[in-house]
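Peer 1: This one is coords22.cif, mmCIF, C-alpha atoms.
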```
data_work
#
loop_
_atom_site.label_atom_id
_atom_site.label_comp_id
_atom_site.auth_asym_id
_atom_site.auth_seq_id
_atom_site.Cartn_x
_atom_site.Cartn_y
_atom_site.Cartn_z
CA MET G 1 132.30 77.50 96.65
CA GLY G 2 131.08 80.55 98.49
CA SER G 3 128.60 81.27 101.25
CA THR G 4 124.90 81.92 100.84
CA ALA G 5 123.55 84.91 102.66
CA CYS G 6 120.29 86.83 102.33
CA PHE G 7 119.91 90.10 104.20
CA ILE G 8 116.66 91.99 104.76
CA ILE G 9 115.64 94.95 106.89
CA VAL G 10 112.09 94.71 108.23
CA SER G 11 110.43 97.79 109.69
CA ARG G 12 108.37 97.97 112.87
CA ASN G 13 105.21 97.32 110.86
CA ASP G 14 106.58 94.06 109.44
CA ILE G 15 107.17 95.53 106.01
CA PRO G 16 110.53 94.76 104.38
CA ILE G 17 112.26 98.03 103.56
CA TYR G 18 115.46 96.63 102.12
CA GLU G 19 116.52 93.30 100.62
CA ALA G 20 119.83 92.04 99.29
CA GLU G 21 121.39 88.71 98.42
CA VAL G 22 124.89 89.21 99.73
CA GLY G 23 126.35 85.75 99.57
CA SER G 24 129.30 84.96 97.35
CA ALA G 25 127.92 81.71 95.98
CA ILE G 26 126.15 81.40 92.63
CA LYS G 27 122.46 82.03 93.23
CA LYS G 28 119.64 79.93 91.82
CA GLU G 29 116.30 81.60 91.13
CA GLU G 30 114.19 79.40 93.45
CA ALA G 31 116.67 79.92 96.26
CA THR G 32 115.89 83.64 96.45
CA HIS G 33 112.18 83.04 97.07
CA GLN G 34 112.97 80.36 99.59
CA HIS G 35 115.35 82.63 101.47
CA GLN G 36 112.76 85.36 101.74
CA PHE G 37 110.16 82.85 102.91
CA ILE G 38 112.42 81.50 105.65
CA LEU G 39 113.23 84.99 106.86
CA HIS G 40 109.57 86.02 107.02
CA ALA G 41 108.69 82.85 108.87
CA ALA G 42 111.27 83.70 111.51
CA LEU G 43 109.57 87.03 112.25
CA ASP G 44 107.21 85.49 114.83
CA ILE G 45 110.07 84.08 116.84
CA VAL G 46 111.88 87.40 116.73
CA GLN G 47 108.78 89.17 118.00
CA ASP G 48 108.67 87.10 121.17
CA LEU G 49 112.40 87.04 121.69
CA ALA G 50 112.80 90.80 121.34
CA TRP G 51 110.80 91.44 124.51
CA THR G 52 112.82 89.08 126.69
CA THR G 53 116.19 90.81 126.39
CA SER G 54 117.51 94.35 126.18
CA ALA G 55 120.40 93.39 123.92
CA MET G 56 120.18 94.30 120.26
CA PHE G 57 122.04 91.35 118.72
CA LEU G 58 119.85 88.26 119.04
CA LYS G 59 122.28 85.80 117.44
CA ALA G 60 120.71 82.74 115.86
CA VAL G 61 116.95 82.58 116.30
CA ASP G 62 115.89 79.95 113.79
CA ARG G 63 117.27 77.14 111.72
CA PHE G 64 116.35 75.65 108.33
CA ASN G 65 118.39 72.68 107.08
CA ASP G 66 121.87 74.08 107.32
CA LEU G 67 120.86 77.75 107.05
CA VAL G 68 120.72 79.89 110.19
CA VAL G 69 118.73 83.08 110.75
CA SER G 70 120.46 85.75 112.83
CA VAL G 71 118.67 88.90 113.88
CA TYR G 72 119.62 92.33 115.21
CA VAL G 73 116.79 94.46 116.64
CA THR G 74 117.22 98.23 116.83
CA ALA G 75 115.67 100.54 119.43
CA GLY G 76 112.85 101.41 117.08
CA HIS G 77 112.12 97.72 116.53
CA THR G 78 113.53 97.68 113.04
CA ARG G 79 114.85 94.16 112.46
CA LEU G 80 118.02 93.46 110.52
CA MET G 81 117.79 89.81 109.54
CA LEU G 82 120.46 87.68 107.96
CA LEU G 83 120.05 84.19 106.56
CA HIS G 84 123.42 82.48 106.27
CA ASP G 85 125.24 79.21 106.42
CA SER G 86 128.50 80.39 107.98
CA ARG G 87 129.19 80.25 111.71
CA ASN G 88 131.21 83.44 112.02
CA GLU G 89 129.33 85.12 114.87
CA ASP G 90 131.74 88.02 115.44
CA GLY G 91 131.78 88.88 111.77
CA ILE G 92 128.01 88.88 111.69
CA ARG G 93 127.80 91.05 114.80
CA SER G 94 130.19 93.63 113.29
CA PHE G 95 128.23 93.54 110.02
CA PHE G 96 124.99 94.26 111.88
CA GLN G 97 126.53 97.09 113.87
CA GLU G 98 127.87 98.81 110.77
CA VAL G 99 124.59 98.45 108.89
CA HIS G 100 122.80 99.79 111.97
CA GLU G 101 124.91 102.94 111.77
CA LEU G 102 124.10 103.31 108.08
CA TYR G 103 120.42 102.84 108.86
CA ILE G 104 120.51 105.58 111.50
CA LYS G 105 122.08 107.96 109.00
CA ILE G 106 119.28 107.19 106.52
CA LEU G 107 116.68 107.61 109.26
CA LEU G 108 118.03 111.02 110.31
CA ASN G 109 117.09 112.37 106.89
CA PRO G 110 113.96 114.45 107.65
CA LEU G 111 112.62 113.67 104.19
CA TYR G 112 112.82 109.93 104.76
CA LEU G 113 109.53 108.45 105.97
CA PRO G 114 110.31 105.85 108.64
CA GLY G 115 109.00 102.50 107.48
CA SER G 116 109.31 103.21 103.78
CA ARG G 117 111.65 101.45 101.38
CA ILE G 118 115.29 102.48 101.35
CA THR G 119 116.01 103.37 97.75
CA SER G 120 119.46 104.93 98.06
CA SER G 121 121.86 103.17 95.72
CA HIS G 122 124.76 104.40 97.84
CA PHE G 123 123.30 102.56 100.81
CA ASP G 124 123.03 99.43 98.67
CA THR G 125 126.67 99.71 97.58
CA LYS G 126 127.86 100.18 101.14
CA VAL G 127 125.86 97.24 102.49
CA ARG G 128 127.24 94.94 99.83
CA ALA G 129 130.78 96.16 100.54
CA LEU G 130 130.27 95.48 104.26
CA ALA G 131 128.92 92.03 103.47
CA ARG G 132 132.00 91.20 101.43
CA LYS G 133 134.17 92.45 104.25
CA TYR G 134 132.55 90.70 107.20
CA LEU G 135 130.72 87.67 105.85
CA MET A 1 132.34 133.49 86.85
CA ILE A 2 132.03 131.87 90.23
CA GLY A 3 132.98 128.27 90.53
CA VAL A 4 134.51 127.87 87.11
CA GLY A 5 137.43 125.51 87.20
CA LYS A 6 136.63 124.21 90.68
CA ILE A 7 135.36 120.68 91.15
CA LYS A 8 132.92 120.39 94.06
CA GLN A 9 133.37 117.27 96.17
CA TYR A 10 130.03 115.84 97.20
CA SER A 11 130.57 113.33 99.92
CA ASN A 12 127.50 111.28 100.65
CA VAL A 13 126.07 111.55 104.15
CA LEU A 14 126.46 107.80 104.50
CA ASP A 15 130.22 108.17 104.34
CA LYS A 16 130.47 110.72 107.12
CA PRO A 17 130.69 109.35 110.65
CA LEU A 18 127.77 109.82 113.00
CA SER A 19 128.66 112.99 114.87
CA LYS A 20 128.54 113.30 118.63
CA GLY A 21 126.10 116.16 118.21
CA LYS A 22 126.46 119.77 119.22
CA GLN A 23 126.26 120.31 122.95
CA GLU A 24 124.92 123.81 122.47
CA VAL A 25 122.48 125.16 119.94
CA SER A 26 121.35 128.76 119.71
CA LEU A 27 118.14 129.23 121.71
CA SER A 28 117.07 132.24 119.70
CA ALA A 29 117.54 130.37 116.45
CA PHE A 30 115.36 127.55 117.74
CA ALA A 31 112.73 129.92 119.13
CA PHE A 32 112.58 131.71 115.79
CA LEU A 33 112.28 128.46 113.86
CA PHE A 34 109.62 127.11 116.21
CA SER A 35 107.58 130.29 116.03
CA GLU A 36 107.66 130.11 112.24
CA LEU A 37 106.55 126.48 112.43
CA VAL A 38 103.57 127.40 114.61
CA GLN A 39 102.65 130.39 112.48
CA TYR A 40 102.87 128.37 109.27
CA ASN A 41 100.58 125.70 110.69
CA GLN A 42 98.15 128.34 111.90
CA THR A 43 97.60 129.47 108.33
CA GLN A 44 96.86 125.92 107.22
CA VAL A 45 94.15 124.97 109.72
CA ASP A 46 90.70 126.16 110.78
CA ASN A 47 90.59 125.07 114.40
CA ILE A 48 92.72 124.54 117.48
CA ALA A 49 92.48 120.75 117.55
CA GLU A 50 93.88 120.50 114.04
CA LEU A 51 96.75 122.85 114.95
CA GLU A 52 97.61 120.73 117.97
CA ARG A 53 97.51 117.60 115.86
CA ARG A 54 99.90 119.09 113.29
CA LEU A 55 102.39 120.14 115.96
CA GLU A 56 102.15 116.67 117.46
CA ASP A 57 102.85 115.06 114.11
CA ALA A 58 105.90 117.28 113.65
CA GLY A 59 107.11 116.16 117.07
CA TYR A 60 106.41 112.52 116.29
CA ALA A 61 108.91 112.54 113.45
CA VAL A 62 111.55 113.99 115.79
CA GLY A 63 110.77 111.44 118.50
CA ALA A 64 111.22 108.43 116.24
CA ARG A 65 114.67 109.62 115.19
CA VAL A 66 115.75 110.73 118.64
CA LEU A 67 115.03 107.27 120.04
CA GLU A 68 117.22 105.45 117.53
CA LEU A 69 120.02 108.00 117.71
CA LEU A 70 120.18 108.18 121.50
CA CYS A 71 120.01 104.44 122.04
CA HIS A 72 122.92 104.04 119.69
CA ARG A 73 124.96 106.99 120.89
CA ASP A 74 124.32 107.26 124.60
CA LYS A 75 123.05 103.88 125.69
CA GLY A 76 125.55 101.65 123.98
CA ASN A 77 122.98 99.73 121.96
CA ARG A 78 120.73 98.56 124.77
CA ARG A 79 117.01 98.59 124.06
CA GLU A 80 114.33 99.35 126.60
CA THR A 81 111.86 96.53 127.14
CA ARG A 82 110.15 97.61 130.38
CA LEU A 83 107.68 100.43 130.94
CA LEU A 84 109.57 102.13 133.76
CA GLY A 85 112.75 101.80 131.76
CA ILE A 86 111.41 103.65 128.73
CA LEU A 87 109.76 106.29 130.94
CA SER A 88 112.95 107.08 132.80
CA PHE A 89 114.77 107.08 129.43
CA VAL A 90 112.38 109.79 128.21
CA HIS A 91 112.46 111.66 131.49
CA SER A 92 116.24 111.86 131.78
CA THR A 93 118.16 111.03 128.60
CA VAL A 94 115.80 112.47 126.01
CA TRP A 95 115.08 115.60 128.03
CA LYS A 96 118.78 116.09 128.76
CA VAL A 97 119.73 115.93 125.09
CA LEU A 98 116.84 118.01 123.80
CA PHE A 99 116.46 120.64 126.53
CA GLY A 100 119.75 120.54 128.43
CA LYS A 101 118.27 119.33 131.73
CA VAL A 102 116.27 116.39 133.04
CA ALA A 103 112.53 116.86 133.33
CA ASP A 104 111.27 118.28 136.61
CA SER A 105 109.27 115.27 137.67
CA LEU A 106 107.86 111.93 136.60
CA GLU A 107 104.72 110.80 138.37
CA LYS A 108 102.34 107.90 138.15
CA GLY A 109 98.69 108.81 137.81
CA THR A 110 96.53 108.08 140.85
CA GLU A 111 93.19 107.48 139.20
CA HIS A 112 94.24 105.15 136.38
CA GLU A 113 96.84 102.43 136.14
CA ASP A 114 97.93 103.41 132.66
CA GLU A 115 98.59 107.12 133.18
CA TYR A 116 101.92 108.78 133.83
CA MET A 117 102.85 112.46 133.94
CA ILE A 118 106.05 114.29 133.15
CA SER A 119 105.96 117.82 134.52
CA GLU A 120 108.03 120.81 133.66
CA LYS A 121 107.86 124.24 135.25
CA GLU A 122 108.47 125.97 131.93
CA LEU A 123 108.79 124.03 128.70
CA LEU A 124 111.63 125.34 126.58
CA VAL A 125 109.42 125.55 123.52
CA ASN A 126 106.87 127.69 125.38
CA ARG A 127 109.34 130.15 126.79
CA PHE A 128 108.78 132.85 124.22
CA ILE A 129 105.17 132.04 123.44
CA SER A 130 102.04 133.59 124.87
CA THR A 131 98.64 132.33 123.76
CA PRO A 132 95.75 134.77 123.32
CA LYS A 133 92.64 134.16 125.46
CA ASP A 134 90.50 133.20 122.48
CA MET A 135 92.63 130.13 121.84
CA GLY A 136 91.51 128.59 125.06
CA THR A 137 93.60 125.72 126.30
CA PHE A 138 95.90 125.47 123.31
CA ASN A 139 99.44 124.54 124.33
CA CYS A 140 102.43 124.62 122.01
CA GLY A 141 103.80 121.88 124.23
CA ALA A 142 101.84 119.66 121.85
CA PHE A 143 105.12 119.55 119.92
CA VAL A 144 106.90 118.04 122.92
CA ALA A 145 103.96 115.69 123.49
CA GLY A 146 104.48 114.56 119.90
CA ILE A 147 108.17 113.93 120.55
CA VAL A 148 107.34 111.77 123.57
CA ARG A 149 104.71 109.90 121.59
CA GLY A 150 107.23 109.32 118.81
CA VAL A 151 109.76 107.85 121.23
CA LEU A 152 107.22 105.62 122.99
CA ASP A 153 105.52 104.46 119.82
CA SER A 154 108.75 103.53 118.07
CA ALA A 155 109.97 101.66 121.11
CA GLY A 156 106.83 99.53 121.10
CA PHE A 157 104.84 101.27 123.85
CA PRO A 158 101.91 102.88 122.02
CA ALA A 159 100.36 105.69 124.01
CA VAL A 160 98.22 108.80 123.75
CA VAL A 161 100.29 111.78 124.85
CA THR A 162 98.92 115.26 125.48
CA ALA A 163 100.23 118.49 126.97
CA HIS A 164 98.26 120.40 129.61
CA PHE A 165 98.65 123.55 131.58
CA VAL A 166 98.32 122.98 135.32
CA PRO A 167 97.94 126.14 137.41
CA MET A 168 100.22 126.29 140.42
CA GLU A 169 99.55 128.22 143.60
CA GLY A 170 101.99 131.00 144.23
CA HIS A 171 103.22 131.10 140.64
CA GLN A 172 102.04 133.35 137.88
CA ARG A 173 102.59 131.03 134.94
CA PRO A 174 101.09 127.56 135.05
CA ARG A 175 103.39 124.60 134.79
CA THR A 176 103.08 122.18 131.89
CA THR A 177 102.29 118.51 132.31
CA ILE A 178 102.77 115.93 129.60
CA LEU A 179 100.12 113.29 130.21
CA ILE A 180 100.95 109.80 128.90
CA LYS A 181 98.18 107.24 128.65
CA PHE A 182 99.44 103.85 127.56
CA ALA A 183 97.46 101.51 125.32
CA GLU A 184 96.05 98.35 126.83
CA GLU A 185 98.44 96.00 125.06
CA VAL A 186 101.37 97.67 126.82
CA LEU A 187 99.92 96.95 130.25
CA ARG A 188 99.03 93.40 129.28
CA ARG A 189 102.57 92.78 128.07
CA GLU A 190 104.04 94.33 131.20
CA ALA A 191 101.91 92.10 133.37
CA ARG A 192 102.96 89.07 131.36
CA VAL A 193 106.67 89.83 131.45
CA GLY A 194 106.97 91.39 134.91
#
```
Starting from the file, give its structure as structure tokens.
Peer 2:
Amino acid sequence: MGSTACFIIVSRNDIPIYEAEVGSAIKKEEATHQHQFILHAALDIVQDLAWTTSAMFLKAVDRFNDLVVSVYVTAGHTRLMLLHDSRNEDGIRSFFQEVHELYIKILLNPLYLPGSRITSSHFDTKVRALARKYL
Amino acid sequence: MIGVGKIKQYSNVLDKPLSKGKQEVSLSAFAFLFSELVQYNQTQVDNIAELERRLEDAGYAVGARVLELLCHRDKGNRRETRLLGILSFVHSTVWKVLFGKVADSLEKGTEHEDEYMISEKELLVNRFISTPKDMGTFNCGAFVAGIVRGVLDSAGFPAVVTAHFVPMEGHQRPRTTILIKFAEEVLRREARVG
């Protein structure tokens, strides 16, 4: 019995640049599509909410059954979105902050085009390790 | 043979911590690099407008990264959501980190609601550059205009940013003004939120 969690990074132009299922539960095929759908549907809410506060961590913005969507908006309006069923807010905040640092390091690469997919396998490994640690 | 028997340790950049950044960088090294950048672009284009656009695009890439890095490093993860907030961020924080001092002045345009100007007596990038007469009003400050546009655009305040020479009485060299003209949606959003 583990936790479900789906993590995506959406760029400023509403294009997902990174996706990962980071939960520890056994995943069913339909669940993956559903998770992505829920996260994309939450984008509208995030858009409005982002302009009302200067904080980066937006906590829980949307709910679906027992799954909660938490969002972290960076300065460049890149959204880190997590779909989860746990209630561990501090763990989620730390997870977002660490992934934010990783994202900045990727962004600083002058050969990386901002808004394009993140293909680094090292980045993938690190995100999954962080997810296991904090979620 | 060199290197035989030694195992090179490649540590991925993702593993290294985000550095605080160097407080001082060699001015001559930067001036040399920038002059090469301008010269390289000169060989690639046929007209002044295209050259300015290329310098602006180079600056845009810098601006997008500078915004993320500075907000994380210097502003403790607070985003800017208001117009005046992002302008003063550019005017002080960005200028301080890139050029070592805050910009000389930040003014609101008198004729139009959506225009703002950041002025500088002598832009750092222009210090060792002189433009020949036949290039007209070309200003290498287009690079800095690109940086500002990169910061504003990434923060969600799309704008058209250009660099102009403004002659000053009593001074030989004209001062440089970065003119920022915000898109309509920015003003509409400001009116709605403010």
Peer 1: Could you tell me which residues of chain A sit within 7 Å of chain G when counting all atoms listed in the file, and give me the result as a list in words?
Peer 2: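 Close enough to count are Leu14, Arg65, Leu67, Glu68, Leu69, Cys71, Asn77, Arg78, Arg79, Glu80, Thr81, Ser154 and Ala155 of chain A.
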Peer 1: Distance CA of Glu24 (chain A)-CA of Val90 (chain A), one decimal place?
Peer 2: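 It comes out at 19.7 Å.
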Peer 1: May I have the residues within 12 Å of region 48-51 of chain A as JSON, numbers by chain, using all atoms listed in the file and disregarding those fewer than 4 positions away in the same chain?
Peer 2: {"A": [37, 38, 39, 40, 41, 42, 43, 44, 55, 56, 57, 58, 131, 134, 135, 136, 137, 138, 139, 140, 141, 142, 143, 162]}
Peer 1: Just say which residues the PyMOL selection byres ((chain G and resi 81-91) around 10) picks in this file, as a ChimeraX atom specification.
Peer 2: /G:2-10,19-23,35-36,38-40,42-43,46,58-73,78-80,92-97,131,133-135
Peer 1: Tell me, in Å to one decimal, how far CA of Val97 (chain A) is from CA of Lys20 (chain A).
Peer 2: 11.2 Å
Peer 1: At a cut-off of 9 Å around the point (98.8, 98.4, 138.8) (file coordinates), what residues fall inside when counting only C-alpha atoms? I'd like the answer as a ChimeraX atom specification.
Peer 2: /A:112-114,187,191
Peer 1: Using the chain letters and numbering of this document, enumerate as a PyMOL selection string the residues selected by the PyMOL selection byres ((chain A and resi 167-177) around 8).
Peer 2: chain A and resi 117-123+141+163-166+178-179
Peer 1: Quick one: pull the distance between CA of Leu70 (chain A) and CA of Phe182 (chain A), Å, one decimal.
Peer 2: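 Answer for the CA of Leu70 (chain A) to CA of Phe182 (chain A) separation: 22.0 Å.
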Peer 1: Looking at only C-alpha atoms, which of A:Ile129, A:Val25, A:Val66, A:Val160 is the one that sits closest to Gly100 (chain A)?
Peer 2: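 Result for the nearest residue to Gly100 (chain A): A:Val25.
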Peer 1: I'd like to know which of G:Val99, G:Asp44, G:Leu111, G:Asp14 is closest to Asp124 (chain G), using all atoms listed in the file.
Peer 2: G:Val99
